[in-house]
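Structure file input-v3.cif with mmCIF, C-alpha atoms:
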```
data_input
#
loop_
_atom_site.label_atom_id
_atom_site.label_comp_id
_atom_site.auth_asym_id
_atom_site.auth_seq_id
_atom_site.Cartn_x
_atom_site.Cartn_y
_atom_site.Cartn_z
CA MET A 840 -22.52 -55.59 -105.69
CA ALA A 841 -23.59 -53.01 -103.10
CA SER A 842 -25.48 -50.04 -104.46
CA ALA A 843 -23.89 -46.60 -104.46
CA ALA A 844 -26.48 -45.48 -101.92
CA SER A 845 -25.70 -48.31 -99.48
CA MET A 846 -21.94 -47.77 -99.83
CA GLU A 847 -22.44 -44.07 -99.16
CA GLN A 848 -24.47 -44.80 -96.03
CA ARG A 849 -21.92 -47.26 -94.65
CA GLN A 850 -19.09 -44.78 -95.12
CA GLY A 851 -20.89 -42.11 -93.11
CA PHE A 852 -21.56 -39.55 -95.83
CA ARG A 853 -25.24 -39.08 -94.99
CA GLY A 854 -25.34 -35.31 -95.28
CA ASP A 855 -21.78 -35.22 -93.89
CA LYS A 856 -23.05 -36.53 -90.57
CA LEU A 857 -20.94 -39.20 -88.94
CA ARG A 858 -21.59 -42.07 -86.58
CA CYS A 859 -19.02 -41.77 -83.83
CA GLY A 860 -17.92 -43.81 -80.85
CA VAL A 861 -16.04 -42.19 -77.99
CA ILE A 862 -14.15 -44.31 -75.47
CA GLY A 863 -13.46 -42.28 -72.35
CA VAL A 864 -15.71 -39.59 -70.88
CA GLY A 865 -13.22 -37.60 -68.85
CA GLU A 866 -12.77 -33.90 -69.48
CA GLU A 867 -11.42 -34.32 -73.02
CA GLY A 868 -13.80 -37.13 -74.02
CA ALA A 869 -16.87 -35.31 -72.70
CA THR A 870 -15.84 -32.18 -74.59
CA LEU A 871 -15.47 -34.17 -77.81
CA ILE A 872 -18.92 -35.63 -77.24
CA ARG A 873 -20.44 -32.18 -76.76
CA LYS A 874 -18.74 -30.84 -79.89
CA LEU A 875 -19.72 -33.81 -82.03
CA THR A 876 -23.37 -33.81 -80.97
CA LYS A 877 -23.56 -30.03 -81.33
CA HIS A 878 -22.69 -30.48 -85.01
CA GLY A 879 -25.33 -33.15 -85.47
CA HIS A 880 -23.18 -36.28 -85.44
CA GLU A 881 -24.50 -39.47 -83.85
CA VAL A 882 -22.43 -40.45 -80.82
CA ARG A 883 -22.13 -43.58 -78.75
CA MET A 884 -19.99 -43.31 -75.64
CA ALA A 885 -18.42 -45.82 -73.29
CA HIS A 886 -16.00 -45.99 -70.41
CA SER A 887 -14.72 -48.57 -67.96
CA LYS A 888 -17.71 -48.28 -65.62
CA ASP A 889 -21.45 -48.87 -65.89
CA PRO A 890 -23.15 -47.02 -68.80
CA GLU A 891 -25.65 -45.61 -66.29
CA ASP A 892 -22.83 -43.47 -64.88
CA MET A 893 -23.02 -41.47 -68.13
CA SER A 894 -26.74 -40.71 -67.88
CA GLY A 895 -26.19 -37.01 -67.11
CA LEU A 896 -23.93 -36.50 -70.12
CA ALA A 897 -26.41 -38.46 -72.24
CA GLU A 898 -29.27 -36.17 -71.19
CA ARG A 899 -27.26 -33.05 -71.94
CA THR A 900 -25.91 -34.15 -75.32
CA GLY A 901 -28.15 -36.86 -76.73
CA ALA A 902 -25.18 -39.25 -76.93
CA GLN A 903 -26.01 -42.91 -76.30
CA PRO A 904 -24.28 -44.66 -73.36
CA VAL A 905 -23.28 -48.22 -74.25
CA GLU A 906 -21.07 -51.04 -73.02
CA ILE A 907 -17.53 -50.71 -74.30
CA GLY A 908 -17.96 -53.69 -76.64
CA GLU A 909 -20.83 -51.88 -78.38
CA VAL A 910 -19.17 -48.52 -78.90
CA VAL A 911 -17.23 -49.66 -81.99
CA LYS A 912 -20.17 -51.27 -83.77
CA ASP A 913 -21.64 -49.63 -86.88
CA VAL A 914 -19.68 -46.40 -86.50
CA ASP A 915 -17.46 -44.42 -88.86
CA ILE A 916 -14.98 -43.09 -86.30
CA VAL A 917 -13.89 -44.21 -82.85
CA PHE A 918 -12.10 -41.74 -80.58
CA LEU A 919 -9.77 -43.05 -77.88
CA SER A 920 -9.77 -40.46 -75.10
CA ILE A 921 -8.26 -42.41 -72.22
CA PRO A 922 -4.99 -42.37 -70.27
CA GLU A 923 -2.15 -44.10 -72.11
CA LYS A 924 -1.97 -46.78 -69.42
CA ALA A 925 -5.60 -47.75 -70.16
CA VAL A 926 -4.97 -48.63 -73.80
CA PRO A 927 -3.73 -52.20 -73.10
CA GLU A 928 -6.72 -52.65 -70.77
CA LEU A 929 -9.22 -52.31 -73.64
CA PRO A 930 -11.03 -55.60 -74.31
CA LYS A 931 -8.99 -57.97 -76.42
CA GLY A 932 -10.36 -58.17 -79.94
CA LEU A 933 -12.39 -54.98 -79.46
CA PHE A 934 -11.89 -53.98 -83.09
CA LYS A 935 -12.13 -57.47 -84.55
CA GLY A 936 -14.70 -57.54 -87.33
CA CYS A 937 -14.87 -53.76 -87.66
CA PRO A 938 -14.75 -52.47 -91.26
CA SER A 939 -11.28 -51.65 -92.53
CA ASP A 940 -12.36 -48.07 -93.32
CA MET A 941 -13.54 -47.35 -89.78
CA ILE A 942 -11.22 -44.66 -88.43
CA VAL A 943 -9.63 -44.86 -84.98
CA VAL A 944 -8.51 -41.48 -83.64
CA ASP A 945 -5.85 -41.54 -80.92
CA CYS A 946 -6.36 -38.59 -78.57
CA CYS A 947 -4.18 -40.09 -75.83
CA ASN A 948 -0.99 -38.72 -74.28
CA TYR A 949 1.75 -40.39 -72.27
CA TYR A 950 2.60 -38.99 -68.84
CA PRO A 951 4.85 -41.37 -66.86
CA SER A 952 3.87 -39.74 -63.56
CA ARG A 953 0.28 -40.82 -64.25
CA ASP A 954 0.66 -43.84 -66.53
CA GLY A 955 3.76 -45.51 -65.15
CA ARG A 956 6.76 -46.21 -67.35
CA ILE A 957 6.15 -47.60 -70.83
CA GLN A 958 9.59 -48.72 -71.93
CA GLU A 959 8.95 -48.70 -75.68
CA ILE A 960 7.82 -45.07 -75.59
CA ASP A 961 10.67 -44.12 -73.27
CA ASN A 962 13.01 -45.67 -75.83
CA GLY A 963 11.66 -43.36 -78.55
CA LEU A 964 8.69 -45.15 -80.12
CA PRO A 965 6.05 -42.52 -81.00
CA GLU A 966 3.10 -42.80 -78.66
CA SER A 967 0.58 -43.36 -81.45
CA VAL A 968 2.68 -46.09 -83.03
CA TRP A 969 2.61 -47.80 -79.63
CA VAL A 970 -1.18 -47.37 -79.49
CA LYS A 971 -1.49 -48.77 -83.01
CA ASN A 972 0.52 -51.82 -81.99
CA GLN A 973 -1.57 -52.34 -78.85
CA ILE A 974 -4.96 -52.30 -80.57
CA GLY A 975 -3.92 -53.82 -83.90
CA ARG A 976 -5.42 -50.99 -85.96
CA ASN A 977 -4.09 -48.00 -87.85
CA VAL A 978 -4.80 -44.76 -86.01
CA ILE A 979 -4.97 -41.07 -86.76
CA LYS A 980 -3.35 -38.84 -84.12
CA THR A 981 -5.26 -35.65 -83.38
CA PHE A 982 -7.13 -33.76 -80.64
CA ASN A 983 -4.33 -34.83 -78.28
CA SER A 984 -2.61 -31.45 -78.45
CA ILE A 985 -5.46 -29.12 -77.54
CA LEU A 986 -6.77 -28.69 -74.01
CA ALA A 987 -10.39 -29.57 -73.34
CA GLY A 988 -11.20 -25.96 -72.42
CA ALA A 989 -9.73 -24.68 -75.66
CA LEU A 990 -11.55 -27.35 -77.65
CA GLU A 991 -14.77 -26.25 -75.98
CA GLU A 992 -14.37 -22.47 -76.20
CA ALA A 993 -11.67 -21.44 -78.68
CA GLY A 994 -13.15 -22.60 -81.99
CA ARG A 995 -13.50 -19.78 -84.52
CA PRO A 996 -15.02 -19.36 -88.00
CA LYS A 997 -12.73 -20.14 -90.92
CA GLY A 998 -10.52 -17.17 -91.75
CA SER A 999 -10.55 -15.67 -88.24
CA GLU A 1000 -7.24 -14.10 -87.25
CA ASP A 1001 -7.18 -15.88 -83.89
CA ARG A 1002 -8.11 -19.32 -85.23
CA ILE A 1003 -6.07 -22.10 -83.58
CA ALA A 1004 -4.51 -24.84 -85.69
CA VAL A 1005 -4.69 -28.53 -84.73
CA PRO A 1006 -2.10 -31.07 -85.93
CA ILE A 1007 -3.13 -34.35 -87.55
CA SER A 1008 -0.77 -37.30 -88.14
CA GLY A 1009 -1.46 -40.62 -89.83
CA ASP A 1010 -0.69 -43.02 -92.63
CA ASP A 1011 -4.15 -43.21 -94.23
CA SER A 1012 -4.72 -40.21 -96.49
CA LYS A 1013 -8.47 -40.85 -96.90
CA ALA A 1014 -8.96 -41.09 -93.16
CA LYS A 1015 -7.00 -37.88 -92.68
CA GLU A 1016 -9.24 -36.12 -95.20
CA LYS A 1017 -12.32 -37.00 -93.16
CA ILE A 1018 -10.70 -35.95 -89.89
CA THR A 1019 -9.50 -32.73 -91.54
CA ARG A 1020 -13.09 -31.82 -92.38
CA LEU A 1021 -14.14 -32.61 -88.81
CA VAL A 1022 -11.40 -30.43 -87.27
CA ASP A 1023 -12.36 -27.56 -89.57
CA GLU A 1024 -16.04 -27.99 -88.71
CA MET A 1025 -15.22 -27.69 -85.00
CA GLY A 1026 -13.61 -24.29 -85.58
CA PHE A 1027 -9.90 -25.06 -85.98
CA ASP A 1028 -7.40 -25.04 -88.84
CA PRO A 1029 -6.25 -28.60 -89.55
CA TYR A 1030 -2.52 -29.09 -90.14
CA ASP A 1031 -1.19 -32.32 -91.65
CA THR A 1032 2.04 -33.13 -89.83
CA GLY A 1033 2.78 -36.21 -91.95
CA ASP A 1034 2.85 -39.92 -91.22
CA LEU A 1035 2.41 -41.62 -87.87
CA ALA A 1036 6.15 -42.08 -87.46
CA HIS A 1037 6.42 -38.29 -87.12
CA SER A 1038 3.48 -37.93 -84.72
CA TRP A 1039 6.00 -37.46 -81.88
CA ARG A 1040 6.19 -33.84 -83.00
CA GLN A 1041 2.76 -33.22 -81.45
CA GLN A 1042 3.37 -35.17 -78.23
CA PRO A 1043 3.73 -33.55 -74.77
CA GLY A 1044 6.96 -31.57 -74.62
CA SER A 1045 6.71 -30.33 -78.20
CA PRO A 1046 6.27 -26.58 -78.76
CA ALA A 1047 3.14 -27.57 -80.70
CA TYR A 1048 1.55 -29.30 -77.71
CA CYS A 1049 -1.42 -27.37 -76.25
CA THR A 1050 0.12 -23.96 -76.99
CA ASN A 1051 -2.76 -22.73 -79.18
CA LEU A 1052 -0.78 -21.59 -82.21
CA ASP A 1053 -2.12 -20.30 -85.49
CA LEU A 1054 -1.46 -22.26 -88.68
CA LYS A 1055 1.79 -20.53 -89.64
CA ASN A 1056 3.31 -20.81 -86.19
CA LEU A 1057 2.13 -24.36 -85.66
CA GLU A 1058 4.09 -25.34 -88.75
CA THR A 1059 7.16 -23.64 -87.29
CA ALA A 1060 6.61 -25.35 -83.93
CA ILE A 1061 6.25 -28.77 -85.53
CA ARG A 1062 9.56 -28.29 -87.36
CA SER A 1063 11.24 -26.93 -84.23
CA ALA A 1064 10.55 -29.90 -81.95
CA HIS A 1065 13.63 -31.73 -80.62
CA LYS A 1066 12.81 -35.29 -79.63
CA GLU A 1067 15.62 -35.69 -77.12
CA VAL A 1068 14.55 -32.78 -74.88
CA MET A 1069 10.79 -33.24 -75.08
CA PRO A 1070 10.42 -35.81 -72.26
CA GLY A 1071 12.18 -33.48 -69.81
CA LEU A 1072 9.99 -30.56 -70.83
CA ARG A 1073 6.87 -32.74 -70.59
CA ASP A 1074 7.78 -33.78 -67.04
CA GLU A 1075 8.63 -30.21 -66.07
CA ALA A 1076 5.22 -29.00 -67.25
CA TYR A 1077 3.46 -31.84 -65.43
CA ARG A 1078 5.25 -30.94 -62.19
CA LYS A 1079 4.22 -27.30 -62.54
CA MET A 1080 0.62 -28.28 -63.13
CA SER A 1081 0.57 -30.79 -60.26
CA THR A 1082 2.19 -28.50 -57.68
CA ALA A 1083 0.36 -25.28 -58.51
CA ASP A 1084 -1.25 -23.56 -55.52
CA LYS A 1085 -4.61 -23.74 -57.25
CA GLN A 1086 -5.95 -25.57 -60.26
CA MET A 1087 -5.07 -23.74 -63.46
CA ASP A 1088 -7.80 -22.87 -65.92
CA TRP A 1089 -7.09 -23.73 -69.53
CA LYS A 1090 -5.84 -20.27 -70.45
CA SER A 1091 -3.35 -20.35 -67.57
CA LEU A 1092 -2.25 -23.80 -68.68
CA VAL A 1093 -1.62 -22.55 -72.22
CA ARG A 1094 0.53 -19.72 -70.86
CA MET A 1095 2.45 -22.11 -68.61
CA LEU A 1096 3.09 -24.54 -71.46
CA ARG A 1097 4.27 -21.75 -73.74
CA GLU A 1098 6.71 -20.57 -71.08
CA THR A 1099 7.94 -24.08 -70.33
CA TYR A 1100 8.44 -25.10 -73.93
CA ALA A 1101 9.96 -21.77 -74.99
CA ASN A 1102 13.33 -22.12 -73.24
CA PRO A 1103 15.69 -21.32 -76.13
CA SER A 1104 18.47 -23.41 -74.57
CA LYS A 1105 16.25 -26.47 -74.92
CA GLN A 1106 14.12 -25.85 -77.98
CA THR A 1107 13.38 -23.12 -80.49
CA GLY A 1108 11.84 -20.29 -78.50
CA LEU A 1109 8.11 -19.75 -78.85
CA GLU A 1110 8.65 -16.13 -77.95
CA ALA A 1111 10.33 -15.68 -81.34
CA MET A 1112 7.11 -16.60 -83.15
CA PRO A 1113 4.83 -13.67 -84.03
CA GLY A 1114 1.72 -15.77 -83.45
CA THR A 1115 2.65 -16.28 -79.81
CA SER A 1116 2.92 -12.64 -78.87
CA SER A 1117 1.21 -11.28 -75.77
CA THR A 1118 -1.73 -10.27 -77.95
CA THR A 1119 -2.23 -13.85 -79.09
CA THR A 1120 -1.88 -15.17 -75.58
CA THR A 1121 -4.73 -13.03 -74.31
CA THR A 1122 -7.07 -14.36 -76.99
CA ALA A 1123 -6.05 -17.99 -76.54
#
```

Would you write the structure of this file as structure tokens?
Amino acid sequence: MASAASMEQRQGFRGDKLRCGVIGVGEEGATLIRKLTKHGHEVRMAHSKDPEDMSGLAERTGAQPVEIGEVVKDVDIVFLSIPEKAVPELPKGLFKGCPSDMIVVDCCNYYPSRDGRIQEIDNGLPESVWVKNQIGRNVIKTFNSILAGALEEAGRPKGSEDRIAVPISGDDSKAKEKITRLVDEMGFDPYDTGDLAHSWRQQPGSPAYCTNLDLKNLETAIRSAHKEVMPGLRDEAYRKMSTADKQMDWKSLVRMLRETYANPSKQTGLEAMPGTSSTTTTTA
């Protein structure tokens, strides 16, 4: 039988420091890497190109660039931070042989204008359930509904009035507990939205998606989401972002998303929520 010490080491409880793998080093993935290494976690990172392409990020953060087949080895958590269309392109059997208690965090989002049409999702399957089916592993859905800029800059100490809440969905309660601690450590209030079947409530088009709400108002937004109108709102927001005269910074994007998702004829109005007043918007 394994000793208590060896079990503790394998499960990543060495002084609460985790061994993490991040797949995808775009804006969101790179931000996750910076946040994780800042808090002392060990990070391996991989993407679809040569590991040498990540040398600059490695120098700045201390994260280790590896081939994609190596990023899942001997880690506690793997973060998927790639376009939805790239999920089926991951190496077949990537997670084969990984421990059952290794957590996979789905940070992905589906945008048909970028990813092409995925019929199962268009027909109502929650995005993270689709991801789970593609990779053959349970996933926890989080960090998909906060912009990279907000993840980088908007973290606040516990108890701060302007602390943003981040939704977490999943079927594994122990995995969610670990991710909850990680979200809190990064400066955000974790909010358990329930099982993976209800993770659609934090997908693009939801009033909870990238609108930087506090804990009370995130709960209201999660309850207020209407599945049938969300795809239209998602596409409307994507068009606004794509056709803007100049690239929006993350604060402008938050304001745009709040305005887009607040149409009371489509969905419960965000303007009715105290936590989304003009005062909150300016601190987002």

| query | Where does the PyMOL selection byres ((chain A and resi 996) around 10) land in this file, that is, which residues does it pick, as a list in words? | reply |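 Applying the expression gives Gly994, Arg995, Lys997, Gly998, Ser999, Glu1000, Asp1001, Arg1002, Asp1023, Glu1024, Met1025, Gly1026, Phe1027 and Asp1028 of chain A.
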
| request: I would like the residues chosen by the PyMOL selection byres ((chain A and resi 856-867) around 7) on the shown file; could you give them as a ChimeraX atom specification? | output: /A:851-855,868-871,879-886,910-911,914-921,987

| said: Using all atoms listed in the file, can you tell me which of A:Tyr1100, A:Phe934, A:Tyr949, A:Tyr1048 comes closest to Ile1061 of chain A? | reply: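 Using all atoms listed in the file, the shortest distance to Ile1061 of chain A belongs to A:Tyr1048.
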
If we count all atoms listed in the file and set the cut-off at 12 Å, which residues sit around Gly1071 of chain A, ignoring sequence neighbours fewer than 4 positions away in its own chain? Please answer as a CSV table (one decimal) with C-alpha atoms, in the frame of the given file.
```csv
chain,number,residue,atom,x,y,z
A,950,TYR,CA,2.6,-39.0,-68.8
A,951,PRO,CA,4.8,-41.4,-66.9
A,961,ASP,CA,10.7,-44.1,-73.3
A,1043,PRO,CA,3.7,-33.6,-74.8
A,1044,GLY,CA,7.0,-31.6,-74.6
A,1045,SER,CA,6.7,-30.3,-78.2
A,1065,HIS,CA,13.6,-31.7,-80.6
A,1066,LYS,CA,12.8,-35.3,-79.6
A,1067,GLU,CA,15.6,-35.7,-77.1
A,1075,GLU,CA,8.6,-30.2,-66.1
A,1076,ALA,CA,5.2,-29.0,-67.2
A,1077,TYR,CA,3.5,-31.8,-65.4
A,1078,ARG,CA,5.2,-30.9,-62.2
A,1099,THR,CA,7.9,-24.1,-70.3
A,1100,TYR,CA,8.4,-25.1,-73.9
A,1102,ASN,CA,13.3,-22.1,-73.2
A,1105,LYS,CA,16.2,-26.5,-74.9
A,1106,GLN,CA,14.1,-25.8,-78.0
```

| task | For the structure shown, which residues end up in the PyMOL selection byres ((chain A and resi 897) around 12)? Put them as a ChimeraX atom specification, please? | result | /A:864,869,872-873,876,881-885,890-896,898-905

| query | Within 9 Å of Ile979 of chain A, counting only C-alpha atoms, which residues qualify if same-chain residues fewer than 6 places away don't, as a list in words? | reply | Ile942, Val943, Val944, Asp945, Cys946, Ser967, Ile1007, Ser1008, Gly1009, Asp1010, Asp1011, Ala1014, Lys1015, Ile1018 and Leu1035 of chain A

Export of prior selection with C-alpha atoms as a PDB file, keeping the file's coordinate frame:
```pdb
ATOM      1  CA  ILE A 942     -11.220 -44.660 -88.430  1.00  0.00           C
ATOM      2  CA  VAL A 943      -9.630 -44.860 -84.980  1.00  0.00           C
ATOM      3  CA  VAL A 944      -8.510 -41.480 -83.640  1.00  0.00           C
ATOM      4  CA  ASP A 945      -5.850 -41.540 -80.920  1.00  0.00           C
ATOM      5  CA  CYS A 946      -6.360 -38.590 -78.570  1.00  0.00           C
ATOM      6  CA  SER A 967       0.580 -43.360 -81.450  1.00  0.00           C
ATOM      7  CA  ILE A1007      -3.130 -34.350 -87.550  1.00  0.00           C
ATOM      8  CA  SER A1008      -0.770 -37.300 -88.140  1.00  0.00           C
ATOM      9  CA  GLY A1009      -1.460 -40.620 -89.830  1.00  0.00           C
ATOM     10  CA  ASP A1010      -0.690 -43.020 -92.630  1.00  0.00           C
ATOM     11  CA  ASP A1011      -4.150 -43.210 -94.230  1.00  0.00           C
ATOM     12  CA  ALA A1014      -8.960 -41.090 -93.160  1.00  0.00           C
ATOM     13  CA  LYS A1015      -7.000 -37.880 -92.680  1.00  0.00           C
ATOM     14  CA  ILE A1018     -10.700 -35.950 -89.890  1.00  0.00           C
ATOM     15  CA  LEU A1035       2.410 -41.620 -87.870  1.00  0.00           C
TER      16      LEU A1035
END
```

| Interatomic distance (Å, one decimal) between atom CA of Gly955 of chain A and atom CA of Pro922 of chain A |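 These atoms are spaced 10.6 Å apart.
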
| request: Provide the atom CA of Val968 of chain A to atom CA of Leu1052 of chain A distance in Å, to one decimal place. | output: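 Between atom CA of Val968 of chain A and atom CA of Leu1052 of chain A the gap is 24.8 Å.
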
| request: Could you check how far atom CA of Ala993 of chain A sits from atom CA of Arg1062 of chain A, in Å to one decimal? | output: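 Atom CA of Arg1062 of chain A lies 23.9 Å from atom CA of Ala993 of chain A.
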
| Which one is closest to Lys912 of chain A: A:Lys935, A:Lys924, A:Lys877, A:Arg976? Count all atoms listed in the file. |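 So, comparing all the options, the nearest one is A:Lys935.
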
| field | From A:Val926, A:Ala1047, A:Leu875, A:Ile907, residue lying nearest Tyr1030 of chain A [all atoms listed in the file] | value |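 Smallest separation from Tyr1030 of chain A among the options: A:Ala1047.
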
| request: Rank A:Asp1074, A:Glu992, A:Asp940, A:Asp954 by their smallest atom-to-atom distance to Ala925 of chain A, using all atoms listed in the file, and report the top residue only. | output: A:Asp954

| note | Using only C-alpha atoms, the residue out of A:Glu923, A:Pro1070, A:Met1087, A:Val1022 with shortest distance to Lys971 of chain A is A:Glu923

| field | Expected residue set, 9 Å radius at (3.7, -42.9, -82.6), all atoms listed in the file, as a PyMOL selection string | value | chain A and resi 960+963-971+980+1035-1039+1042

Hey, can you spit out that residue selection with C-alpha atoms as a short mmCIF file (atom, residue, chain, number, x, y, z; two decimals), in the frame of the given file?
```
data_model
loop_
_atom_site.label_atom_id
_atom_site.label_comp_id
_atom_site.auth_asym_id
_atom_site.auth_seq_id
_atom_site.Cartn_x
_atom_site.Cartn_y
_atom_site.Cartn_z
CA ILE A 960 7.82 -45.07 -75.59
CA GLY A 963 11.66 -43.36 -78.55
CA LEU A 964 8.69 -45.15 -80.12
CA PRO A 965 6.05 -42.52 -81.00
CA GLU A 966 3.10 -42.80 -78.66
CA SER A 967 0.58 -43.36 -81.45
CA VAL A 968 2.68 -46.09 -83.03
CA TRP A 969 2.61 -47.80 -79.63
CA VAL A 970 -1.18 -47.37 -79.49
CA LYS A 971 -1.49 -48.77 -83.01
CA LYS A 980 -3.35 -38.84 -84.12
CA LEU A 1035 2.41 -41.62 -87.87
CA ALA A 1036 6.15 -42.08 -87.46
CA HIS A 1037 6.42 -38.29 -87.12
CA SER A 1038 3.48 -37.93 -84.72
CA TRP A 1039 6.00 -37.46 -81.88
CA GLN A 1042 3.37 -35.17 -78.23
#
```

| Using only C-alpha atoms, which residue out of A:Ser952, A:Ser887, A:Lys931, A:Phe982 lies closest to Lys874 of chain A? |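 Closest to Lys874 of chain A, using only C-alpha atoms: A:Phe982.
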
Generate N, CA and C atoms for segment 996-1007 of chain A and emit them as a PDB file, keeping the file's coordinate frame.
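Written output follows (rebuild-v4.pdb):
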```pdb
ATOM      1  N   PRO A 996     -14.673 -19.183 -86.593  1.00  0.00           N
ATOM      2  CA  PRO A 996     -15.020 -19.360 -88.000  1.00  0.00           C
ATOM      3  C   PRO A 996     -13.766 -19.374 -88.881  1.00  0.00           C
ATOM      4  N   LYS A 997     -13.843 -20.068 -89.971  1.00  0.00           N
ATOM      5  CA  LYS A 997     -12.730 -20.140 -90.920  1.00  0.00           C
ATOM      6  C   LYS A 997     -12.332 -18.739 -91.356  1.00  0.00           C
ATOM      7  N   GLY A 998     -11.031 -18.471 -91.346  1.00  0.00           N
ATOM      8  CA  GLY A 998     -10.520 -17.170 -91.750  1.00  0.00           C
ATOM      9  C   GLY A 998     -10.299 -16.208 -90.607  1.00  0.00           C
ATOM     10  N   SER A 999     -10.747 -16.549 -89.394  1.00  0.00           N
ATOM     11  CA  SER A 999     -10.550 -15.670 -88.240  1.00  0.00           C
ATOM     12  C   SER A 999      -9.069 -15.538 -87.926  1.00  0.00           C
ATOM     13  N   GLU A1000      -8.642 -14.340 -87.530  1.00  0.00           N
ATOM     14  CA  GLU A1000      -7.240 -14.100 -87.250  1.00  0.00           C
ATOM     15  C   GLU A1000      -6.735 -14.919 -86.061  1.00  0.00           C
ATOM     16  N   ASP A1001      -7.596 -15.171 -85.091  1.00  0.00           N
ATOM     17  CA  ASP A1001      -7.180 -15.880 -83.890  1.00  0.00           C
ATOM     18  C   ASP A1001      -7.575 -17.358 -83.931  1.00  0.00           C
ATOM     19  N   ARG A1002      -7.731 -17.912 -85.129  1.00  0.00           N
ATOM     20  CA  ARG A1002      -8.110 -19.320 -85.230  1.00  0.00           C
ATOM     21  C   ARG A1002      -6.902 -20.208 -84.900  1.00  0.00           C
ATOM     22  N   ILE A1003      -7.112 -21.158 -84.011  1.00  0.00           N
ATOM     23  CA  ILE A1003      -6.070 -22.100 -83.580  1.00  0.00           C
ATOM     24  C   ILE A1003      -5.962 -23.217 -84.605  1.00  0.00           C
ATOM     25  N   ALA A1004      -4.742 -23.705 -84.800  1.00  0.00           N
ATOM     26  CA  ALA A1004      -4.510 -24.840 -85.690  1.00  0.00           C
ATOM     27  C   ALA A1004      -4.309 -26.112 -84.866  1.00  0.00           C
ATOM     28  N   VAL A1005      -4.768 -27.228 -85.405  1.00  0.00           N
ATOM     29  CA  VAL A1005      -4.690 -28.530 -84.730  1.00  0.00           C
ATOM     30  C   VAL A1005      -3.941 -29.508 -85.621  1.00  0.00           C
ATOM     31  N   PRO A1006      -2.869 -30.124 -85.118  1.00  0.00           N
ATOM     32  CA  PRO A1006      -2.100 -31.070 -85.930  1.00  0.00           C
ATOM     33  C   PRO A1006      -2.793 -32.419 -86.078  1.00  0.00           C
ATOM     34  N   ILE A1007      -2.575 -33.035 -87.235  1.00  0.00           N
ATOM     35  CA  ILE A1007      -3.130 -34.350 -87.550  1.00  0.00           C
ATOM     36  C   ILE A1007      -2.015 -35.195 -88.158  1.00  0.00           C
TER      37      ILE A1007
END
```
